[in-house]
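*Asks:* Next up, coords32.cif (mmCIF, C-alpha atoms; chains and numbers go by the auth columns).
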```cif
data_coords
loop_
_atom_site.group_PDB
_atom_site.id
_atom_site.type_symbol
_atom_site.label_atom_id
_atom_site.label_comp_id
_atom_site.label_asym_id
_atom_site.label_seq_id
_atom_site.Cartn_x
_atom_site.Cartn_y
_atom_site.Cartn_z
_atom_site.B_iso_or_equiv
_atom_site.auth_seq_id
_atom_site.auth_asym_id
ATOM 1 C CA MET A 1 0.000 0.000 0.000 0.00 228 A
ATOM 2 C CA GLY A 2 2.956 2.315 0.596 0.00 229 A
ATOM 3 C CA ASP A 3 3.854 2.249 -3.119 0.00 230 A
ATOM 4 C CA LEU A 4 0.470 3.723 -4.051 0.00 231 A
ATOM 5 C CA THR A 5 1.174 6.904 -2.105 0.00 232 A
ATOM 6 C CA ARG A 6 4.689 7.407 -3.478 0.00 233 A
ATOM 7 C CA VAL A 7 5.251 9.327 -6.713 0.00 234 A
ATOM 8 C CA THR A 8 8.505 9.299 -8.652 0.00 235 A
ATOM 9 C CA ILE A 9 9.114 11.654 -11.536 0.00 236 A
ATOM 10 C CA ASP A 10 11.762 11.171 -14.190 0.00 237 A
ATOM 11 C CA PHE A 11 12.559 14.818 -14.944 0.00 238 A
ATOM 12 C CA ASP A 12 14.593 13.907 -18.042 0.00 239 A
ATOM 13 C CA THR A 13 11.494 12.642 -19.873 0.00 240 A
ATOM 14 C CA SER A 14 8.426 13.796 -17.896 0.00 241 A
ATOM 15 C CA HIS A 15 7.981 16.939 -19.992 0.00 242 A
ATOM 16 C CA LEU A 16 7.592 14.824 -23.146 0.00 243 A
ATOM 17 C CA ILE A 17 4.455 12.933 -22.087 0.00 244 A
ATOM 18 C CA PHE A 18 1.814 15.584 -22.781 0.00 245 A
ATOM 19 C CA PRO A 19 3.224 16.807 -26.132 0.00 246 A
ATOM 20 C CA THR A 20 3.480 13.186 -27.273 0.00 247 A
ATOM 21 C CA LEU A 21 -0.153 12.525 -26.372 0.00 248 A
ATOM 22 C CA ILE A 22 -1.266 15.685 -28.194 0.00 249 A
ATOM 23 C CA ALA A 23 0.778 14.715 -31.269 0.00 250 A
ATOM 24 C CA ILE A 24 -0.820 11.261 -31.330 0.00 251 A
ATOM 25 C CA VAL A 25 -4.346 12.689 -31.011 0.00 252 A
ATOM 26 C CA LEU A 26 -3.676 15.280 -33.738 0.00 253 A
ATOM 27 C CA GLY A 27 -2.183 12.595 -35.983 0.00 254 A
ATOM 28 C CA LEU A 28 -5.237 10.376 -35.560 0.00 255 A
ATOM 29 C CA LEU A 29 -7.604 13.276 -36.239 0.00 256 A
ATOM 30 C CA GLY A 30 -5.601 14.236 -39.335 0.00 257 A
ATOM 31 C CA LEU A 31 -5.728 10.654 -40.568 0.00 258 A
ATOM 32 C CA ALA A 32 -9.500 10.588 -40.038 0.00 259 A
ATOM 33 C CA ILE A 33 -9.873 13.786 -42.087 0.00 260 A
ATOM 34 C CA VAL A 34 -7.712 12.374 -44.907 0.00 261 A
ATOM 35 C CA ILE A 35 -9.750 9.164 -44.981 0.00 262 A
ATOM 36 C CA ARG A 36 -13.061 11.041 -44.905 0.00 263 A
ATOM 37 C CA ASP A 37 -12.128 13.624 -47.569 0.00 264 A
ATOM 38 C CA ARG A 38 -9.823 11.522 -49.762 0.00 265 A
ATOM 39 C CA ALA A 39 -11.783 12.237 -52.979 0.00 266 A
ATOM 40 C CA ARG A 40 -11.695 16.015 -52.464 0.00 267 A
ATOM 41 C CA ILE A 41 -8.012 15.898 -51.548 0.00 268 A
ATOM 42 C CA ALA A 42 -7.163 13.860 -54.671 0.00 269 A
ATOM 43 C CA ALA A 43 -8.993 16.384 -56.879 0.00 270 A
ATOM 44 C CA ALA A 44 -7.319 19.451 -55.344 0.00 271 A
ATOM 45 C CA GLY A 45 -4.159 19.375 -57.489 0.00 272 A
ATOM 46 C CA SER A 46 -5.253 22.144 -59.854 0.00 273 A
ATOM 47 C CA TYR A 47 -6.240 24.357 -56.915 0.00 274 A
ATOM 48 C CA TRP A 48 -2.803 24.012 -55.339 0.00 275 A
ATOM 49 C CA ARG A 49 -1.029 24.612 -58.676 0.00 276 A
ATOM 50 C CA ALA A 50 -2.970 27.871 -59.079 0.00 277 A
ATOM 51 C CA SER A 51 -2.259 28.863 -55.465 0.00 278 A
ATOM 52 C CA TRP A 52 1.457 28.141 -55.840 0.00 279 A
ATOM 53 C CA SER A 53 1.739 30.175 -59.042 0.00 280 A
ATOM 54 C CA ALA A 54 -0.129 33.164 -57.531 0.00 281 A
ATOM 55 C CA MET A 55 1.575 33.250 -54.127 0.00 282 A
ATOM 56 C CA ASP A 56 4.370 35.539 -52.992 0.00 283 A
ATOM 57 C CA LYS A 57 7.044 32.842 -52.903 0.00 284 A
ATOM 58 C CA PRO A 58 9.895 34.856 -51.308 0.00 285 A
ATOM 59 C CA ARG A 59 7.726 35.829 -48.350 0.00 286 A
ATOM 60 C CA PHE A 60 6.168 32.380 -47.963 0.00 287 A
ATOM 61 C CA LEU A 61 9.447 30.473 -48.234 0.00 288 A
ATOM 62 C CA GLY A 62 11.295 33.120 -46.217 0.00 289 A
ATOM 63 C CA ALA A 63 8.775 32.884 -43.363 0.00 290 A
ATOM 64 C CA LEU A 64 9.006 29.102 -43.491 0.00 291 A
ATOM 65 C CA ALA A 65 12.822 29.197 -43.400 0.00 292 A
ATOM 66 C CA LEU A 66 12.878 31.776 -40.581 0.00 293 A
ATOM 67 C CA THR A 67 10.439 29.710 -38.525 0.00 294 A
ATOM 68 C CA LEU A 68 12.467 26.521 -38.997 0.00 295 A
ATOM 69 C CA LEU A 69 15.653 28.390 -38.085 0.00 296 A
ATOM 70 C CA TYR A 70 13.953 29.933 -35.020 0.00 297 A
ATOM 71 C CA PHE A 71 12.813 26.588 -33.611 0.00 298 A
ATOM 72 C CA SER A 72 16.081 24.868 -34.539 0.00 299 A
ATOM 73 C CA LEU A 73 18.247 27.436 -32.755 0.00 300 A
ATOM 74 C CA MET A 74 16.142 28.043 -29.635 0.00 301 A
ATOM 75 C CA VAL A 75 17.284 24.970 -27.681 0.00 302 A
ATOM 76 C CA PRO A 76 21.017 25.133 -28.611 0.00 303 A
ATOM 77 C CA VAL A 77 21.120 28.832 -27.691 0.00 304 A
ATOM 78 C CA GLY A 78 19.173 28.088 -24.498 0.00 305 A
ATOM 79 C CA ASP A 79 21.647 25.355 -23.571 0.00 306 A
ATOM 80 C CA ILE A 80 24.360 28.014 -23.293 0.00 307 A
ATOM 81 C CA TRP A 81 22.391 29.601 -20.402 0.00 308 A
ATOM 82 C CA PRO A 82 20.269 26.741 -19.014 0.00 309 A
ATOM 83 C CA ASN A 83 16.985 27.424 -17.194 0.00 310 A
ATOM 84 C CA THR A 84 17.078 31.176 -17.849 0.00 311 A
ATOM 85 C CA GLY A 85 14.913 31.470 -20.961 0.00 312 A
ATOM 86 C CA MET A 86 17.717 33.150 -22.862 0.00 313 A
ATOM 87 C CA GLY A 87 17.266 30.778 -25.801 0.00 314 A
ATOM 88 C CA PHE A 88 13.705 32.045 -26.210 0.00 315 A
ATOM 89 C CA LEU A 89 14.633 35.686 -25.725 0.00 316 A
ATOM 90 C CA LEU A 90 17.752 35.771 -27.896 0.00 317 A
ATOM 91 C CA CYS A 91 16.057 33.881 -30.733 0.00 318 A
ATOM 92 C CA SER A 92 12.677 35.637 -30.567 0.00 319 A
ATOM 93 C CA ILE A 93 13.983 39.188 -30.956 0.00 320 A
ATOM 94 C CA PRO A 94 15.742 38.576 -34.312 0.00 321 A
ATOM 95 C CA TYR A 95 12.910 36.288 -35.459 0.00 322 A
ATOM 96 C CA VAL A 96 10.221 38.929 -34.882 0.00 323 A
ATOM 97 C CA LEU A 97 12.423 41.591 -36.485 0.00 324 A
ATOM 98 C CA ALA A 98 13.367 39.500 -39.534 0.00 325 A
ATOM 99 C CA THR A 99 9.809 38.286 -40.102 0.00 326 A
ATOM 100 C CA GLY A 100 8.461 41.820 -39.805 0.00 327 A
ATOM 101 C CA ILE A 101 11.032 43.175 -42.258 0.00 328 A
ATOM 102 C CA LEU A 102 10.314 40.295 -44.637 0.00 329 A
ATOM 103 C CA PHE A 103 6.611 41.198 -44.792 0.00 330 A
ATOM 104 C CA MET A 104 7.112 44.973 -45.048 0.00 331 A
ATOM 105 C CA HIS A 105 6.454 46.545 -48.423 0.00 332 A
ATOM 106 C CA GLU A 106 8.273 49.780 -47.640 0.00 333 A
ATOM 107 C CA ARG A 107 11.482 49.370 -45.648 0.00 334 A
ATOM 108 C CA SER A 108 12.370 52.871 -44.533 0.00 335 A
ATOM 109 C CA LEU A 109 13.812 53.751 -41.130 0.00 336 A
ATOM 110 C CA ARG A 110 10.447 55.287 -40.238 0.00 337 A
ATOM 111 C CA GLN A 111 8.768 51.911 -40.870 0.00 338 A
ATOM 112 C CA ILE A 112 11.483 49.766 -39.265 0.00 339 A
ATOM 113 C CA LEU A 113 11.826 51.722 -36.003 0.00 340 A
ATOM 114 C CA PRO A 114 8.389 50.745 -34.573 0.00 341 A
ATOM 115 C CA LEU A 115 9.041 47.152 -35.654 0.00 342 A
ATOM 116 C CA LEU A 116 12.396 47.213 -33.861 0.00 343 A
ATOM 117 C CA ILE A 117 10.700 48.448 -30.686 0.00 344 A
ATOM 118 C CA VAL A 118 8.047 45.713 -30.897 0.00 345 A
ATOM 119 C CA ALA A 119 10.719 43.076 -31.653 0.00 346 A
ATOM 120 C CA VAL A 120 12.589 43.995 -28.470 0.00 347 A
ATOM 121 C CA VAL A 121 9.716 44.833 -26.099 0.00 348 A
ATOM 122 C CA GLY A 122 7.339 41.986 -27.061 0.00 349 A
ATOM 123 C CA PRO A 123 9.643 38.980 -26.482 0.00 350 A
ATOM 124 C CA THR A 124 11.253 40.685 -23.478 0.00 351 A
ATOM 125 C CA PHE A 125 7.839 41.153 -21.849 0.00 352 A
ATOM 126 C CA VAL A 126 6.846 37.522 -22.568 0.00 353 A
ATOM 127 C CA TRP A 127 10.204 36.303 -21.194 0.00 354 A
ATOM 128 C CA TRP A 128 9.772 38.433 -18.040 0.00 355 A
ATOM 129 C CA LEU A 129 6.157 37.283 -17.593 0.00 356 A
ATOM 130 C CA PHE A 130 7.047 33.596 -17.828 0.00 357 A
ATOM 131 C CA THR A 131 10.253 33.919 -15.764 0.00 358 A
ATOM 132 C CA TYR A 132 9.240 36.044 -12.792 0.00 359 A
ATOM 133 C CA PRO A 133 5.472 36.181 -12.122 0.00 360 A
ATOM 134 C CA LEU A 134 4.700 32.697 -13.503 0.00 361 A
ATOM 135 C CA PHE A 135 7.991 30.962 -12.553 0.00 362 A
ATOM 136 C CA LEU A 136 8.028 28.949 -15.799 0.00 363 A
ATOM 137 C CA THR A 137 11.234 28.204 -17.642 0.00 364 A
ATOM 138 C CA LEU A 138 11.531 28.733 -21.364 0.00 365 A
ATOM 139 C CA PRO A 139 14.160 27.078 -23.567 0.00 366 A
#
```
Since I need it in another form, could you write the structure as structure tokens?
*Replies:*
Amino acid sequence: MGDLTRVTIDFDTSHLIFPTLIAIVLGLLGLAIVIRDRARIAAAGSYWRASWSAMDKPRFLGALALTLLYFSLMVPVGDIWPNTGMGFLLCSIPYVLATGILFMHERSLRQILPLLIVAVVGPTFVWWLFTYPLFLTLP
């Protein structure tokens, strides 16, 4: 009976349980949608060809590349200063700035200055909020 009241937590892997469960549920739901709508999905080739030819490819592919780079670098940068959230902060500021500049049509100093302020203040506020009032660690 004593074993039922004792809890042991493996901190090396405990944080992976919930994201794994969510990924499995989302995968099953996605599979159900593909099975249900397989005829519409198979007939959508011409729609996607038209969408691809009409889209702004540099912005789309640039945003995709920046997002992949952001998530790829967050943990290695955070490992330099563990449990401080510096990986989040030091990767989020350039990510917000670069993404904002990528989607700007006019890139003058007058347009970039407010973006620079938002790129610094926004992630810094989120980092502070998670670190001090909420006591949650970011990568």
*Asks:* Which value, in Å to one decimal, gives the distance between atom CA of A:Pro366 and atom CA of A:Met301?
*Replies:*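 Straight-line distance from atom CA of A:Pro366 to atom CA of A:Met301 works out to 6.5 Å.
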*Asks:* Please, which residues are within 10 Å of (15.6, 33.1, -16.7) by the file's coordinates, counting all atoms listed in the file, and could they come as a PyMOL selection string?
*Replies:* chain A and resi 305+308-316+354-355+357-359+362-366
*Asks:* For a test of reading the model, state the distance in Å between atom CA of A:Pro350 and atom CA of A:Val323, rounded to one decimal.
*Replies:*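 So the two atoms, atom CA of A:Pro350 and atom CA of A:Val323, lie 8.4 Å apart.
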*Asks:* Between atom CA of A:Ile328 and atom CA of A:Ala346, what is the spacing in Å?
*Replies:*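 That distance, rounded to one decimal, is 10.6 Å.
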*Asks:* Nearest residue to A:Phe298 out of A:Val234, A:Leu317, A:Ala277, A:Gly257, using all atoms listed in the file?
*Replies:*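 For A:Phe298, the nearest of the given residues is A:Leu317.
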*Asks:* Each side padded by 6 Å, which centre and which edge lengths in Å (one decimal) define the axis-aligned box around the listed atoms of stretch 283-288 of chain A? Give them as lines of an AutoDock Vina configuration file.
*Replies:*
```
center_x = 7.1
center_y = 33.2
center_z = -50.5
size_x = 17.5
size_y = 17.4
size_z = 17.0
```
*Asks:* Can you tell me, as a PDB file with C-alpha atoms, in the frame of the given file, what residues are no more than 9 Å from A:Val345 when counting only C-alpha atoms, ignoring any on the same chain fewer than 3 positions away?
*Replies:*
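This went into result-v1.pdb:
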```
ATOM      1  CA  ILE A 320      13.983  39.188 -30.956  1.00  0.00           C
ATOM      2  CA  VAL A 323      10.221  38.929 -34.882  1.00  0.00           C
ATOM      3  CA  LEU A 324      12.423  41.591 -36.485  1.00  0.00           C
ATOM      4  CA  LEU A 340      11.826  51.722 -36.003  1.00  0.00           C
ATOM      5  CA  PRO A 341       8.389  50.745 -34.573  1.00  0.00           C
ATOM      6  CA  LEU A 342       9.041  47.152 -35.654  1.00  0.00           C
ATOM      7  CA  VAL A 348       9.716  44.833 -26.099  1.00  0.00           C
ATOM      8  CA  GLY A 349       7.339  41.986 -27.061  1.00  0.00           C
ATOM      9  CA  PRO A 350       9.643  38.980 -26.482  1.00  0.00           C
TER      10      PRO A 350
END
```
*Asks:* Using only C-alpha atoms, pick whichever of A:Ile244, A:Ala250, A:Leu329, A:Ala266 has the shortest atom-to-atom distance to A:Pro285.
*Replies:*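 Selected residue with least distance to A:Pro285: A:Leu329.
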*Asks:* Carefully work through the PyMOL selection byres ((chain A and resi 326) around 9) for this structure and note down the residues it includes, as a VMD selection string.
*Replies:* chain A and resid 286 289 to 290 293 to 294 321 to 325 327 to 331
*Asks:* What would stretch 306-342 of chain A look like with N, CA and C atoms in place, written as a CSV table (one decimal), keeping the file's coordinate frame?
*Replies:*
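Saved to result_27.csv:
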```
chain,number,residue,atom,x,y,z
A,306,ASP,N,20.7,26.2,-24.3
A,306,ASP,CA,21.6,25.4,-23.6
A,306,ASP,C,22.9,26.1,-23.1
A,307,ILE,N,23.2,27.2,-23.7
A,307,ILE,CA,24.4,28.0,-23.3
A,307,ILE,C,24.1,28.6,-21.9
A,308,TRP,N,22.8,29.1,-21.7
A,308,TRP,CA,22.4,29.6,-20.4
A,308,TRP,C,21.2,28.8,-19.9
A,309,PRO,N,21.4,27.6,-19.3
A,309,PRO,CA,20.3,26.7,-19.0
A,309,PRO,C,19.3,27.3,-18.0
A,310,ASN,N,18.0,27.0,-18.1
A,310,ASN,CA,17.0,27.4,-17.2
A,310,ASN,C,16.9,28.9,-17.0
A,311,THR,N,17.2,29.7,-18.0
A,311,THR,CA,17.1,31.2,-17.8
A,311,THR,C,16.1,31.7,-18.9
A,312,GLY,N,15.8,31.0,-19.9
A,312,GLY,CA,14.9,31.5,-21.0
A,312,GLY,C,15.6,32.3,-22.0
A,313,MET,N,17.0,32.3,-21.9
A,313,MET,CA,17.7,33.2,-22.9
A,313,MET,C,17.6,32.6,-24.3
A,314,GLY,N,17.4,31.3,-24.5
A,314,GLY,CA,17.3,30.8,-25.8
A,314,GLY,C,16.0,31.4,-26.5
A,315,PHE,N,14.9,31.4,-25.7
A,315,PHE,CA,13.7,32.0,-26.2
A,315,PHE,C,13.9,33.5,-26.5
A,316,LEU,N,14.5,34.2,-25.6
A,316,LEU,CA,14.6,35.7,-25.7
A,316,LEU,C,15.6,36.0,-26.9
A,317,LEU,N,16.7,35.4,-26.9
A,317,LEU,CA,17.8,35.8,-27.9
A,317,LEU,C,17.4,35.3,-29.3
A,318,CYS,N,16.5,34.3,-29.4
A,318,CYS,CA,16.1,33.9,-30.7
A,318,CYS,C,14.8,34.6,-31.2
A,319,SER,N,13.9,35.0,-30.2
A,319,SER,CA,12.7,35.6,-30.6
A,319,SER,C,12.9,37.1,-31.1
A,320,ILE,N,13.8,37.8,-30.5
A,320,ILE,CA,14.0,39.2,-31.0
A,320,ILE,C,14.4,39.2,-32.4
A,321,PRO,N,15.4,38.5,-32.9
A,321,PRO,CA,15.7,38.6,-34.3
A,321,PRO,C,14.7,37.9,-35.2
A,322,TYR,N,14.0,36.9,-34.7
A,322,TYR,CA,12.9,36.3,-35.5
A,322,TYR,C,11.8,37.3,-35.7
A,323,VAL,N,11.3,38.0,-34.7
A,323,VAL,CA,10.2,38.9,-34.9
A,323,VAL,C,10.7,40.1,-35.8
A,324,LEU,N,11.9,40.5,-35.6
A,324,LEU,CA,12.4,41.6,-36.5
A,324,LEU,C,12.6,41.1,-37.9
A,325,ALA,N,13.2,40.0,-38.2
A,325,ALA,CA,13.4,39.5,-39.5
A,325,ALA,C,12.1,39.2,-40.2
A,326,THR,N,11.1,38.6,-39.5
A,326,THR,CA,9.8,38.3,-40.1
A,326,THR,C,9.1,39.6,-40.4
A,327,GLY,N,9.1,40.5,-39.5
A,327,GLY,CA,8.5,41.8,-39.8
A,327,GLY,C,9.1,42.5,-41.0
A,328,ILE,N,10.4,42.5,-41.1
A,328,ILE,CA,11.0,43.2,-42.3
A,328,ILE,C,10.7,42.4,-43.5
A,329,LEU,N,10.6,41.1,-43.5
A,329,LEU,CA,10.3,40.3,-44.6
A,329,LEU,C,8.9,40.7,-45.2
A,330,PHE,N,8.0,40.9,-44.3
A,330,PHE,CA,6.6,41.2,-44.8
A,330,PHE,C,6.3,42.7,-45.0
A,331,MET,N,7.3,43.5,-44.8
A,331,MET,CA,7.1,45.0,-45.0
A,331,MET,C,7.2,45.2,-46.6
A,332,HIS,N,6.4,46.1,-47.0
A,332,HIS,CA,6.5,46.5,-48.4
A,332,HIS,C,7.4,47.7,-48.6
A,333,GLU,N,7.4,48.6,-47.6
A,333,GLU,CA,8.3,49.8,-47.6
A,333,GLU,C,9.2,49.7,-46.5
A,334,ARG,N,10.5,49.6,-46.7
A,334,ARG,CA,11.5,49.4,-45.6
A,334,ARG,C,12.3,50.6,-45.3
A,335,SER,N,11.7,51.7,-44.9
A,335,SER,CA,12.4,52.9,-44.5
A,335,SER,C,12.6,52.8,-43.0
A,336,LEU,N,13.5,53.7,-42.6
A,336,LEU,CA,13.8,53.8,-41.1
A,336,LEU,C,12.6,54.1,-40.3
A,337,ARG,N,11.7,54.9,-40.9
A,337,ARG,CA,10.4,55.3,-40.2
A,337,ARG,C,9.5,54.1,-40.1
A,338,GLN,N,9.6,53.1,-41.0
A,338,GLN,CA,8.8,51.9,-40.9
A,338,GLN,C,9.4,50.9,-40.0
A,339,ILE,N,10.8,50.8,-40.0
A,339,ILE,CA,11.5,49.8,-39.3
A,339,ILE,C,11.6,50.1,-37.8
A,340,LEU,N,11.7,51.4,-37.4
A,340,LEU,CA,11.8,51.7,-36.0
A,340,LEU,C,10.7,51.2,-35.1
A,341,PRO,N,9.4,51.3,-35.4
A,341,PRO,CA,8.4,50.7,-34.6
A,341,PRO,C,8.5,49.2,-34.5
A,342,LEU,N,8.9,48.6,-35.6
A,342,LEU,CA,9.0,47.2,-35.7
A,342,LEU,C,10.2,46.7,-34.7
```
